[in-house]
Amino acid sequence: MDSLLYDLPALTIRSISVSAMDNNVYLLTAKESGAQLLIDAADDLPAIQQLLADGAADTSAAPRLALIATTHQHWDHVRALEELVAATGARTAAGADDADALPVAVDVRVSHGDVGNFDGFDVTAVHLRGHTPGSIAFVYQDPEGPAHIFSGDSLFPGGVGNTDKDPARFNQLLTDVTERLFGAYPDSAVVHPGHGKPTTLGAERPHLEEWRARGW
């Protein structure tokens, strides 16, 4: 199955689903430089290595995995992380409040508003508290099109992520998602969640009050 999601002017976005939990692994490859950002080394190292090989064909330069970014600490999103780091030597990044729970040393502890500069594109970190303390969405703003939001398990089609029926955590997550995603990006922004299919902010925006009323 072809992993290519978007062929954008500066980069490609590829995605695969791994494991019975339908975890999404995303790969951004800069066309000119070959710099690559992988988001969530969730499981299945051979499948991820094939994803990297597929992405290598998207650049005329030598591909280089510049960073492995983790959206949050939950085990199902990091099962291949240690193996992938060992195989590639790539640097790692995760939210500052989740970093210590990861199975590898985290090179870059990410805070809200941090911008990662790759050779050919930038990615902005958006801290979304509630699903985990240090959950991070990574946002690529295409200069010629919509933003692409890699939301981890904080925002899905139909609602925010699991907060274990904790009202305080739910309120925090919905507030952060409302202010930091829906309040910051237009309806055209594409949401790439940690599991399942993509959506847009425009498709979800009419339902924010409905989500708050139902409490999950």
# chains A, B, ... in the order shown; residues from 1 in each chain; ligands from 1

call {"tool": "select_by_dssp", "arguments": {"residues": "region 61-203 of chain A", "states": "helix (DSSP H, G or I)", "output": "MDAnalysis selection string"}}
result
chainID A and resid 75:77 81:88 99:101 167:182 201:203

call {"tool": "write_last_selection", "arguments": {"atoms": "N, CA and C atoms", "output": "mmCIF file, in the first residue's frame"}}
result
data_model
loop_
_atom_site.group_PDB
_atom_site.id
_atom_site.type_symbol
_atom_site.label_atom_id
_atom_site.label_comp_id
_atom_site.auth_asym_id
_atom_site.auth_seq_id
_atom_site.Cartn_x
_atom_site.Cartn_y
_atom_site.Cartn_z
ATOM 1 N N TRP A 75 2.733 3.857 25.897
ATOM 2 C CA TRP A 75 3.570 2.751 25.420
ATOM 3 C C TRP A 75 3.315 2.395 23.965
ATOM 4 N N ASP A 76 2.059 2.530 23.532
ATOM 5 C CA ASP A 76 1.756 2.086 22.169
ATOM 6 C C ASP A 76 2.332 3.022 21.106
ATOM 7 N N HIS A 77 2.830 4.178 21.514
ATOM 8 C CA HIS A 77 3.416 5.118 20.551
ATOM 9 C C HIS A 77 4.941 5.078 20.534
ATOM 10 N N LEU A 81 10.699 2.744 19.280
ATOM 11 C CA LEU A 81 11.574 3.907 19.412
ATOM 12 C C LEU A 81 13.010 3.519 19.722
ATOM 13 N N GLU A 82 13.191 2.653 20.704
ATOM 14 C CA GLU A 82 14.551 2.271 21.096
ATOM 15 C C GLU A 82 15.288 1.591 19.940
ATOM 16 N N GLU A 83 14.599 0.702 19.243
ATOM 17 C CA GLU A 83 15.212 0.000 18.112
ATOM 18 C C GLU A 83 15.544 0.966 16.977
ATOM 19 N N LEU A 84 14.642 1.919 16.718
ATOM 20 C CA LEU A 84 14.868 2.847 15.618
ATOM 21 C C LEU A 84 16.045 3.776 15.919
ATOM 22 N N VAL A 85 16.156 4.218 17.155
ATOM 23 C CA VAL A 85 17.295 5.046 17.552
ATOM 24 C C VAL A 85 18.599 4.263 17.395
ATOM 25 N N ALA A 86 18.570 3.007 17.830
ATOM 26 C CA ALA A 86 19.766 2.182 17.713
ATOM 27 C C ALA A 86 20.158 1.958 16.255
ATOM 28 N N ALA A 87 19.161 1.815 15.395
ATOM 29 C CA ALA A 87 19.426 1.523 13.981
ATOM 30 C C ALA A 87 19.872 2.745 13.197
ATOM 31 N N THR A 88 19.423 3.927 13.605
ATOM 32 C CA THR A 88 19.663 5.133 12.807
ATOM 33 C C THR A 88 20.582 6.154 13.457
ATOM 34 N N ALA A 99 8.968 13.421 28.771
ATOM 35 C CA ALA A 99 10.252 12.904 28.288
ATOM 36 C C ALA A 99 10.839 11.818 29.177
ATOM 37 N N ASP A 100 10.728 11.983 30.480
ATOM 38 C CA ASP A 100 11.366 11.023 31.384
ATOM 39 C C ASP A 100 10.710 9.648 31.343
ATOM 40 N N ALA A 101 9.500 9.546 30.790
ATOM 41 C CA ALA A 101 8.790 8.269 30.724
ATOM 42 C C ALA A 101 9.131 7.481 29.459
ATOM 43 N N PRO A 167 -12.706 14.862 35.101
ATOM 44 C CA PRO A 167 -13.254 16.125 34.596
ATOM 45 C C PRO A 167 -12.203 17.220 34.455
ATOM 46 N N ALA A 168 -11.260 17.276 35.376
ATOM 47 C CA ALA A 168 -10.243 18.321 35.316
ATOM 48 C C ALA A 168 -9.337 18.116 34.103
ATOM 49 N N ARG A 169 -8.936 16.875 33.863
ATOM 50 C CA ARG A 169 -8.086 16.584 32.706
ATOM 51 C C ARG A 169 -8.844 16.825 31.406
ATOM 52 N N PHE A 170 -10.110 16.442 31.360
ATOM 53 C CA PHE A 170 -10.919 16.675 30.163
ATOM 54 C C PHE A 170 -11.048 18.162 29.881
ATOM 55 N N ASN A 171 -11.363 18.928 30.922
ATOM 56 C CA ASN A 171 -11.525 20.367 30.731
ATOM 57 C C ASN A 171 -10.223 20.995 30.253
ATOM 58 N N GLN A 172 -9.103 20.548 30.816
ATOM 59 C CA GLN A 172 -7.807 21.084 30.398
ATOM 60 C C GLN A 172 -7.522 20.764 28.940
ATOM 61 N N LEU A 173 -7.777 19.516 28.541
ATOM 62 C CA LEU A 173 -7.489 19.119 27.165
ATOM 63 C C LEU A 173 -8.387 19.854 26.184
ATOM 64 N N LEU A 174 -9.679 19.911 26.473
ATOM 65 C CA LEU A 174 -10.591 20.589 25.551
ATOM 66 C C LEU A 174 -10.266 22.075 25.461
ATOM 67 N N THR A 175 -9.891 22.669 26.591
ATOM 68 C CA THR A 175 -9.513 24.083 26.582
ATOM 69 C C THR A 175 -8.258 24.308 25.756
ATOM 70 N N ASP A 176 -7.245 23.476 25.951
ATOM 71 C CA ASP A 176 -6.015 23.630 25.175
ATOM 72 C C ASP A 176 -6.271 23.418 23.683
ATOM 73 N N VAL A 177 -7.027 22.381 23.353
ATOM 74 C CA VAL A 177 -7.330 22.113 21.942
ATOM 75 C C VAL A 177 -8.114 23.276 21.332
ATOM 76 N N THR A 178 -9.083 23.796 22.093
ATOM 77 C CA THR A 178 -9.896 24.912 21.600
ATOM 78 C C THR A 178 -9.052 26.156 21.363
ATOM 79 N N GLU A 179 -8.215 26.494 22.339
ATOM 80 C CA GLU A 179 -7.445 27.742 22.258
ATOM 81 C C GLU A 179 -6.234 27.613 21.347
ATOM 82 N N ARG A 180 -5.525 26.493 21.462
ATOM 83 C CA ARG A 180 -4.210 26.386 20.821
ATOM 84 C C ARG A 180 -4.261 25.769 19.425
ATOM 85 N N LEU A 181 -5.344 25.069 19.108
ATOM 86 C CA LEU A 181 -5.511 24.549 17.752
ATOM 87 C C LEU A 181 -6.631 25.299 17.034
ATOM 88 N N PHE A 182 -7.868 25.144 17.527
ATOM 89 C CA PHE A 182 -8.999 25.777 16.840
ATOM 90 C C PHE A 182 -8.897 27.304 16.864
ATOM 91 N N LEU A 201 -9.900 20.831 10.919
ATOM 92 C CA LEU A 201 -10.478 21.630 11.996
ATOM 93 C C LEU A 201 -11.879 22.089 11.628
ATOM 94 N N GLY A 202 -12.094 22.362 10.349
ATOM 95 C CA GLY A 202 -13.421 22.802 9.926
ATOM 96 C C GLY A 202 -14.496 21.760 10.144
ATOM 97 N N ALA A 203 -14.137 20.487 9.959
ATOM 98 C CA ALA A 203 -15.111 19.413 10.161
ATOM 99 C C ALA A 203 -15.459 19.245 11.632
#

call {"tool": "residues_around", "arguments": {"residues": "Val160 (chain A)", "least_positions_apart": "5", "cutoff": "10 Å", "atoms": "only C-alpha atoms", "output": "PDB file with C-alpha atoms, in the first residue's frame"}}
result
ATOM      1  CA  GLY A 130      -4.783  16.359  29.503  1.00  0.00           C
ATOM      2  CA  HIS A 131      -4.304  13.087  27.631  1.00  0.00           C
ATOM      3  CA  SER A 151      -2.132  15.703  17.003  1.00  0.00           C
ATOM      4  CA  ASP A 153      -3.950  11.250  20.868  1.00  0.00           C
ATOM      5  CA  SER A 154      -5.156  14.738  21.810  1.00  0.00           C
ATOM      6  CA  LEU A 155      -7.578  15.332  18.927  1.00  0.00           C
ATOM      7  CA  PHE A 170     -10.919  16.675  30.163  1.00  0.00           C
ATOM      8  CA  LEU A 173      -7.489  19.119  27.165  1.00  0.00           C
ATOM      9  CA  LEU A 174     -10.591  20.589  25.551  1.00  0.00           C
ATOM     10  CA  VAL A 177      -7.330  22.113  21.942  1.00  0.00           C
ATOM     11  CA  LEU A 208     -16.707  21.737  20.322  1.00  0.00           C
ATOM     12  CA  TRP A 211     -18.005  17.683  23.286  1.00  0.00           C
ATOM     13  CA  ARG A 212     -17.861  19.956  26.337  1.00  0.00           C
ATOM     14  CA  TRP A 216     -15.625  13.391  26.788  1.00  0.00           C
TER      15      TRP A 216
END

call {"tool": "select_by_dssp", "arguments": {"residues": "region 40-135 of chain A", "states": "strand (DSSP E or B)", "output": "JSON, numbers by chain"}}
result
{"A": [64, 65, 66, 67, 68, 69, 70, 91, 92, 93, 94, 95, 108, 109, 110, 115, 116, 117, 118, 121, 122, 123, 124, 125, 126, 127]}

call {"tool": "write_last_selection", "arguments": {"atoms": "C-alpha atoms", "output": "compact mmCIF listing (two decimals), in the first residue's frame"}}
result
# COMPACT_ATOMS: atom_id res chain seq x y z
CA ARG A 64 18.81 11.84 6.60
CA LEU A 65 16.56 11.09 9.57
CA ALA A 66 17.14 14.32 11.46
CA LEU A 67 14.74 13.70 14.36
CA ILE A 68 12.32 11.19 15.83
CA ALA A 69 9.57 13.12 17.60
CA THR A 70 7.14 11.48 20.03
CA ARG A 91 18.13 12.44 17.74
CA THR A 92 14.88 12.31 19.72
CA ALA A 93 12.32 14.84 20.89
CA ALA A 94 9.30 14.75 23.19
CA GLY A 95 7.28 17.03 25.41
CA VAL A 108 15.20 17.73 22.80
CA ARG A 109 12.64 18.47 25.52
CA VAL A 110 9.89 20.35 23.76
CA VAL A 115 9.99 25.68 16.53
CA GLY A 116 12.05 22.87 15.04
CA ASN A 117 14.13 24.04 12.09
CA PHE A 118 14.82 21.34 9.56
CA PHE A 121 10.84 23.17 6.60
CA ASP A 122 9.88 24.18 10.14
CA VAL A 123 7.58 22.45 12.63
CA THR A 124 5.93 24.18 15.60
CA ALA A 125 5.18 22.43 18.90
CA VAL A 126 1.76 22.88 20.51
CA HIS A 127 1.51 21.66 24.11

call {"tool": "closest_residue", "arguments": {"among": "A:Asp44, A:Glu210, A:Asp54, A:Asp187", "to": "Thr12 (chain A)", "atoms": "only C-alpha atoms"}}
result
A:Asp54

call {"tool": "closest_residue", "arguments": {"among": "A:Pro133, A:Gly120, A:Arg214, A:Pro146", "to": "Thr200 (chain A)", "atoms": "only C-alpha atoms"}}
result
A:Pro146

call {"tool": "closest_residue", "arguments": {"among": "A:Asp119, A:Gln50, A:Ala105, A:Asp40", "to": "Leu11 (chain A)", "atoms": "only C-alpha atoms"}}
result
A:Asp119

call {"tool": "closest_residue", "arguments": {"among": "A:Ala35, A:Ile136, A:Leu5, A:Ala42", "to": "Asp22 (chain A)", "atoms": "only C-alpha atoms"}}
result
A:Ala42

call {"tool": "atom_distance", "arguments": {"atom1": "CA of Pro198 (chain A)", "atom2": "CA of Leu4 (chain A)"}}
result
13.5 Å

call {"tool": "residues_around", "arguments": {"residues": "Ile16 (chain A)", "least_positions_apart": "2", "cutoff": "10 Å", "atoms": "only C-alpha atoms", "output": "list in words"}}
result
Met1, Asp2, Ser3, Leu4, Leu5, Arg14, Val18, Asp22, Asn23, Asn24, Val25, Tyr26, Leu27, Ala47, Ile48, Gln50 and Leu51 of chain A

call {"tool": "write_last_selection", "arguments": {"atoms": "N, CA, C and O atoms", "output": "mmCIF file, in the first residue's frame"}}
result
data_model
loop_
_atom_site.group_PDB
_atom_site.id
_atom_site.type_symbol
_atom_site.label_atom_id
_atom_site.label_comp_id
_atom_site.auth_asym_id
_atom_site.auth_seq_id
_atom_site.Cartn_x
_atom_site.Cartn_y
_atom_site.Cartn_z
ATOM 1 N N MET A 1 0.850 -1.197 0.000
ATOM 2 C CA MET A 1 0.000 0.000 0.000
ATOM 3 C C MET A 1 0.884 1.246 0.000
ATOM 4 O O MET A 1 1.845 1.341 0.776
ATOM 5 N N ASP A 2 0.578 2.193 -0.851
ATOM 6 C CA ASP A 2 1.373 3.409 -0.942
ATOM 7 C C ASP A 2 1.213 4.223 0.331
ATOM 8 O O ASP A 2 0.103 4.458 0.805
ATOM 9 N N SER A 3 2.358 4.662 0.878
ATOM 10 C CA SER A 3 2.322 5.409 2.132
ATOM 11 C C SER A 3 2.188 6.914 1.922
ATOM 12 O O SER A 3 2.066 7.657 2.885
ATOM 13 N N LEU A 4 2.222 7.382 0.674
ATOM 14 C CA LEU A 4 2.218 8.814 0.407
ATOM 15 C C LEU A 4 0.852 9.425 0.696
ATOM 16 O O LEU A 4 -0.159 9.038 0.112
ATOM 17 N N LEU A 5 0.836 10.398 1.609
ATOM 18 C CA LEU A 5 -0.396 11.124 1.925
ATOM 19 C C LEU A 5 -0.489 12.427 1.135
ATOM 20 O O LEU A 5 -1.505 12.724 0.522
ATOM 21 N N ARG A 14 4.262 11.168 4.479
ATOM 22 C CA ARG A 14 3.885 9.769 4.348
ATOM 23 C C ARG A 14 3.380 9.245 5.687
ATOM 24 O O ARG A 14 3.730 9.773 6.748
ATOM 25 N N VAL A 18 0.504 0.879 12.075
ATOM 26 C CA VAL A 18 1.180 -0.299 12.615
ATOM 27 C C VAL A 18 0.410 -0.843 13.813
ATOM 28 O O VAL A 18 -0.282 -0.107 14.503
ATOM 29 N N ASP A 22 -3.755 0.170 15.423
ATOM 30 C CA ASP A 22 -3.883 1.147 14.336
ATOM 31 C C ASP A 22 -3.152 2.442 14.676
ATOM 32 O O ASP A 22 -3.680 3.540 14.531
ATOM 33 N N ASN A 23 -1.900 2.304 15.132
ATOM 34 C CA ASN A 23 -1.077 3.485 15.418
ATOM 35 C C ASN A 23 -0.539 4.069 14.124
ATOM 36 O O ASN A 23 0.008 3.345 13.290
ATOM 37 N N ASN A 24 -0.642 5.365 13.987
ATOM 38 C CA ASN A 24 -0.100 6.041 12.818
ATOM 39 C C ASN A 24 1.336 6.483 13.060
ATOM 40 O O ASN A 24 1.651 7.055 14.112
ATOM 41 N N VAL A 25 2.180 6.217 12.074
ATOM 42 C CA VAL A 25 3.556 6.698 12.044
ATOM 43 C C VAL A 25 3.661 7.644 10.854
ATOM 44 O O VAL A 25 3.266 7.291 9.742
ATOM 45 N N TYR A 26 4.171 8.849 11.095
ATOM 46 C CA TYR A 26 4.241 9.855 10.039
ATOM 47 C C TYR A 26 5.695 10.178 9.708
ATOM 48 O O TYR A 26 6.549 10.221 10.596
ATOM 49 N N LEU A 27 5.947 10.447 8.428
ATOM 50 C CA LEU A 27 7.277 10.816 7.974
ATOM 51 C C LEU A 27 7.189 12.032 7.058
ATOM 52 O O LEU A 27 6.470 12.010 6.056
ATOM 53 N N ALA A 47 8.553 -2.179 9.258
ATOM 54 C CA ALA A 47 7.609 -1.330 8.534
ATOM 55 C C ALA A 47 8.056 0.126 8.536
ATOM 56 O O ALA A 47 7.921 0.840 7.531
ATOM 57 N N ILE A 48 8.606 0.569 9.650
ATOM 58 C CA ILE A 48 9.104 1.941 9.723
ATOM 59 C C ILE A 48 10.325 2.119 8.829
ATOM 60 O O ILE A 48 10.475 3.153 8.148
ATOM 61 N N GLN A 50 10.848 0.534 6.099
ATOM 62 C CA GLN A 50 10.318 0.603 4.738
ATOM 63 C C GLN A 50 9.735 1.988 4.460
ATOM 64 O O GLN A 50 9.882 2.520 3.346
ATOM 65 N N LEU A 51 9.089 2.579 5.457
ATOM 66 C CA LEU A 51 8.567 3.938 5.322
ATOM 67 C C LEU A 51 9.707 4.912 5.030
ATOM 68 O O LEU A 51 9.587 5.781 4.154
#

call {"tool": "decode", "arguments": {"residues": "region 168-180 of chain A", "atoms": "all heavy atoms", "output": "mmCIF file, in the first residue's frame"}}
result
data_model
loop_
_atom_site.group_PDB
_atom_site.id
_atom_site.type_symbol
_atom_site.label_atom_id
_atom_site.label_comp_id
_atom_site.auth_asym_id
_atom_site.auth_seq_id
_atom_site.Cartn_x
_atom_site.Cartn_y
_atom_site.Cartn_z
ATOM 1 N N ALA A 168 -11.260 17.276 35.376
ATOM 2 C CA ALA A 168 -10.243 18.321 35.316
ATOM 3 C C ALA A 168 -9.337 18.116 34.103
ATOM 4 O O ALA A 168 -9.000 19.073 33.388
ATOM 5 C CB ALA A 168 -9.419 18.337 36.602
ATOM 6 N N ARG A 169 -8.936 16.875 33.863
ATOM 7 C CA ARG A 169 -8.086 16.584 32.706
ATOM 8 C C ARG A 169 -8.844 16.825 31.406
ATOM 9 O O ARG A 169 -8.283 17.368 30.447
ATOM 10 C CB ARG A 169 -7.567 15.142 32.759
ATOM 11 C CG ARG A 169 -6.455 14.920 33.762
ATOM 12 C CD ARG A 169 -6.102 13.451 33.875
ATOM 13 N NE ARG A 169 -5.720 12.879 32.577
ATOM 14 C CZ ARG A 169 -5.649 11.576 32.339
ATOM 15 N NH1 ARG A 169 -5.944 10.697 33.297
ATOM 16 N NH2 ARG A 169 -5.284 11.137 31.147
ATOM 17 N N PHE A 170 -10.110 16.442 31.360
ATOM 18 C CA PHE A 170 -10.919 16.675 30.163
ATOM 19 C C PHE A 170 -11.048 18.162 29.881
ATOM 20 O O PHE A 170 -10.867 18.616 28.744
ATOM 21 C CB PHE A 170 -12.302 16.040 30.306
ATOM 22 C CG PHE A 170 -13.256 16.481 29.229
ATOM 23 C CD1 PHE A 170 -13.149 15.988 27.940
ATOM 24 C CD2 PHE A 170 -14.236 17.422 29.496
ATOM 25 C CE1 PHE A 170 -14.014 16.415 26.927
ATOM 26 C CE2 PHE A 170 -15.106 17.852 28.505
ATOM 27 C CZ PHE A 170 -14.987 17.336 27.219
ATOM 28 N N ASN A 171 -11.363 18.928 30.922
ATOM 29 C CA ASN A 171 -11.525 20.367 30.731
ATOM 30 C C ASN A 171 -10.223 20.995 30.253
ATOM 31 O O ASN A 171 -10.222 21.869 29.369
ATOM 32 C CB ASN A 171 -11.987 21.030 32.035
ATOM 33 C CG ASN A 171 -12.237 22.521 31.855
ATOM 34 O OD1 ASN A 171 -13.136 22.937 31.145
ATOM 35 N ND2 ASN A 171 -11.402 23.323 32.508
ATOM 36 N N GLN A 172 -9.103 20.548 30.816
ATOM 37 C CA GLN A 172 -7.807 21.084 30.398
ATOM 38 C C GLN A 172 -7.522 20.764 28.940
ATOM 39 O O GLN A 172 -7.084 21.634 28.171
ATOM 40 C CB GLN A 172 -6.694 20.505 31.276
ATOM 41 C CG GLN A 172 -5.293 20.980 30.906
ATOM 42 C CD GLN A 172 -5.082 22.438 31.219
ATOM 43 O OE1 GLN A 172 -4.904 22.808 32.371
ATOM 44 N NE2 GLN A 172 -5.092 23.298 30.193
ATOM 45 N N LEU A 173 -7.777 19.516 28.541
ATOM 46 C CA LEU A 173 -7.489 19.119 27.165
ATOM 47 C C LEU A 173 -8.387 19.854 26.184
ATOM 48 O O LEU A 173 -7.913 20.380 25.163
ATOM 49 C CB LEU A 173 -7.639 17.602 27.001
ATOM 50 C CG LEU A 173 -7.375 17.065 25.586
ATOM 51 C CD1 LEU A 173 -5.996 17.480 25.081
ATOM 52 C CD2 LEU A 173 -7.518 15.542 25.567
ATOM 53 N N LEU A 174 -9.679 19.911 26.473
ATOM 54 C CA LEU A 174 -10.591 20.589 25.551
ATOM 55 C C LEU A 174 -10.266 22.075 25.461
ATOM 56 O O LEU A 174 -10.319 22.677 24.378
ATOM 57 C CB LEU A 174 -12.043 20.375 25.966
ATOM 58 C CG LEU A 174 -13.085 20.924 24.983
ATOM 59 C CD1 LEU A 174 -12.895 20.349 23.585
ATOM 60 C CD2 LEU A 174 -14.497 20.645 25.478
ATOM 61 N N THR A 175 -9.891 22.669 26.591
ATOM 62 C CA THR A 175 -9.513 24.083 26.582
ATOM 63 C C THR A 175 -8.258 24.308 25.756
ATOM 64 O O THR A 175 -8.204 25.233 24.925
ATOM 65 C CB THR A 175 -9.310 24.595 28.013
ATOM 66 O OG1 THR A 175 -10.549 24.506 28.721
ATOM 67 C CG2 THR A 175 -8.840 26.040 28.026
ATOM 68 N N ASP A 176 -7.245 23.476 25.951
ATOM 69 C CA ASP A 176 -6.015 23.630 25.175
ATOM 70 C C ASP A 176 -6.271 23.418 23.683
ATOM 71 O O ASP A 176 -5.782 24.178 22.841
ATOM 72 C CB ASP A 176 -4.946 22.641 25.655
ATOM 73 C CG ASP A 176 -4.190 23.142 26.875
ATOM 74 O OD1 ASP A 176 -4.515 24.235 27.370
ATOM 75 O OD2 ASP A 176 -3.272 22.431 27.323
ATOM 76 N N VAL A 177 -7.027 22.381 23.353
ATOM 77 C CA VAL A 177 -7.330 22.113 21.942
ATOM 78 C C VAL A 177 -8.114 23.276 21.332
ATOM 79 O O VAL A 177 -7.847 23.712 20.209
ATOM 80 C CB VAL A 177 -8.106 20.784 21.812
ATOM 81 C CG1 VAL A 177 -8.784 20.669 20.461
ATOM 82 C CG2 VAL A 177 -7.166 19.603 22.038
ATOM 83 N N THR A 178 -9.083 23.796 22.093
ATOM 84 C CA THR A 178 -9.896 24.912 21.600
ATOM 85 C C THR A 178 -9.052 26.156 21.363
ATOM 86 O O THR A 178 -9.146 26.808 20.315
ATOM 87 C CB THR A 178 -11.031 25.219 22.587
ATOM 88 O OG1 THR A 178 -11.863 24.058 22.731
ATOM 89 C CG2 THR A 178 -11.880 26.385 22.103
ATOM 90 N N GLU A 179 -8.215 26.494 22.339
ATOM 91 C CA GLU A 179 -7.445 27.742 22.258
ATOM 92 C C GLU A 179 -6.234 27.613 21.347
ATOM 93 O O GLU A 179 -5.945 28.519 20.552
ATOM 94 C CB GLU A 179 -7.003 28.163 23.663
ATOM 95 C CG GLU A 179 -8.160 28.547 24.575
ATOM 96 C CD GLU A 179 -7.707 28.871 25.992
ATOM 97 O OE1 GLU A 179 -6.502 28.695 26.301
ATOM 98 O OE2 GLU A 179 -8.545 29.303 26.799
ATOM 99 N N ARG A 180 -5.525 26.493 21.462
ATOM 100 C CA ARG A 180 -4.210 26.386 20.821
ATOM 101 C C ARG A 180 -4.261 25.769 19.425
ATOM 102 O O ARG A 180 -3.317 25.945 18.651
ATOM 103 C CB ARG A 180 -3.264 25.598 21.730
ATOM 104 C CG ARG A 180 -3.016 26.293 23.056
ATOM 105 C CD ARG A 180 -2.082 25.511 23.961
ATOM 106 N NE ARG A 180 -1.765 26.291 25.150
ATOM 107 C CZ ARG A 180 -0.878 25.919 26.084
ATOM 108 N NH1 ARG A 180 -0.222 24.761 25.933
ATOM 109 N NH2 ARG A 180 -0.646 26.693 27.122
#
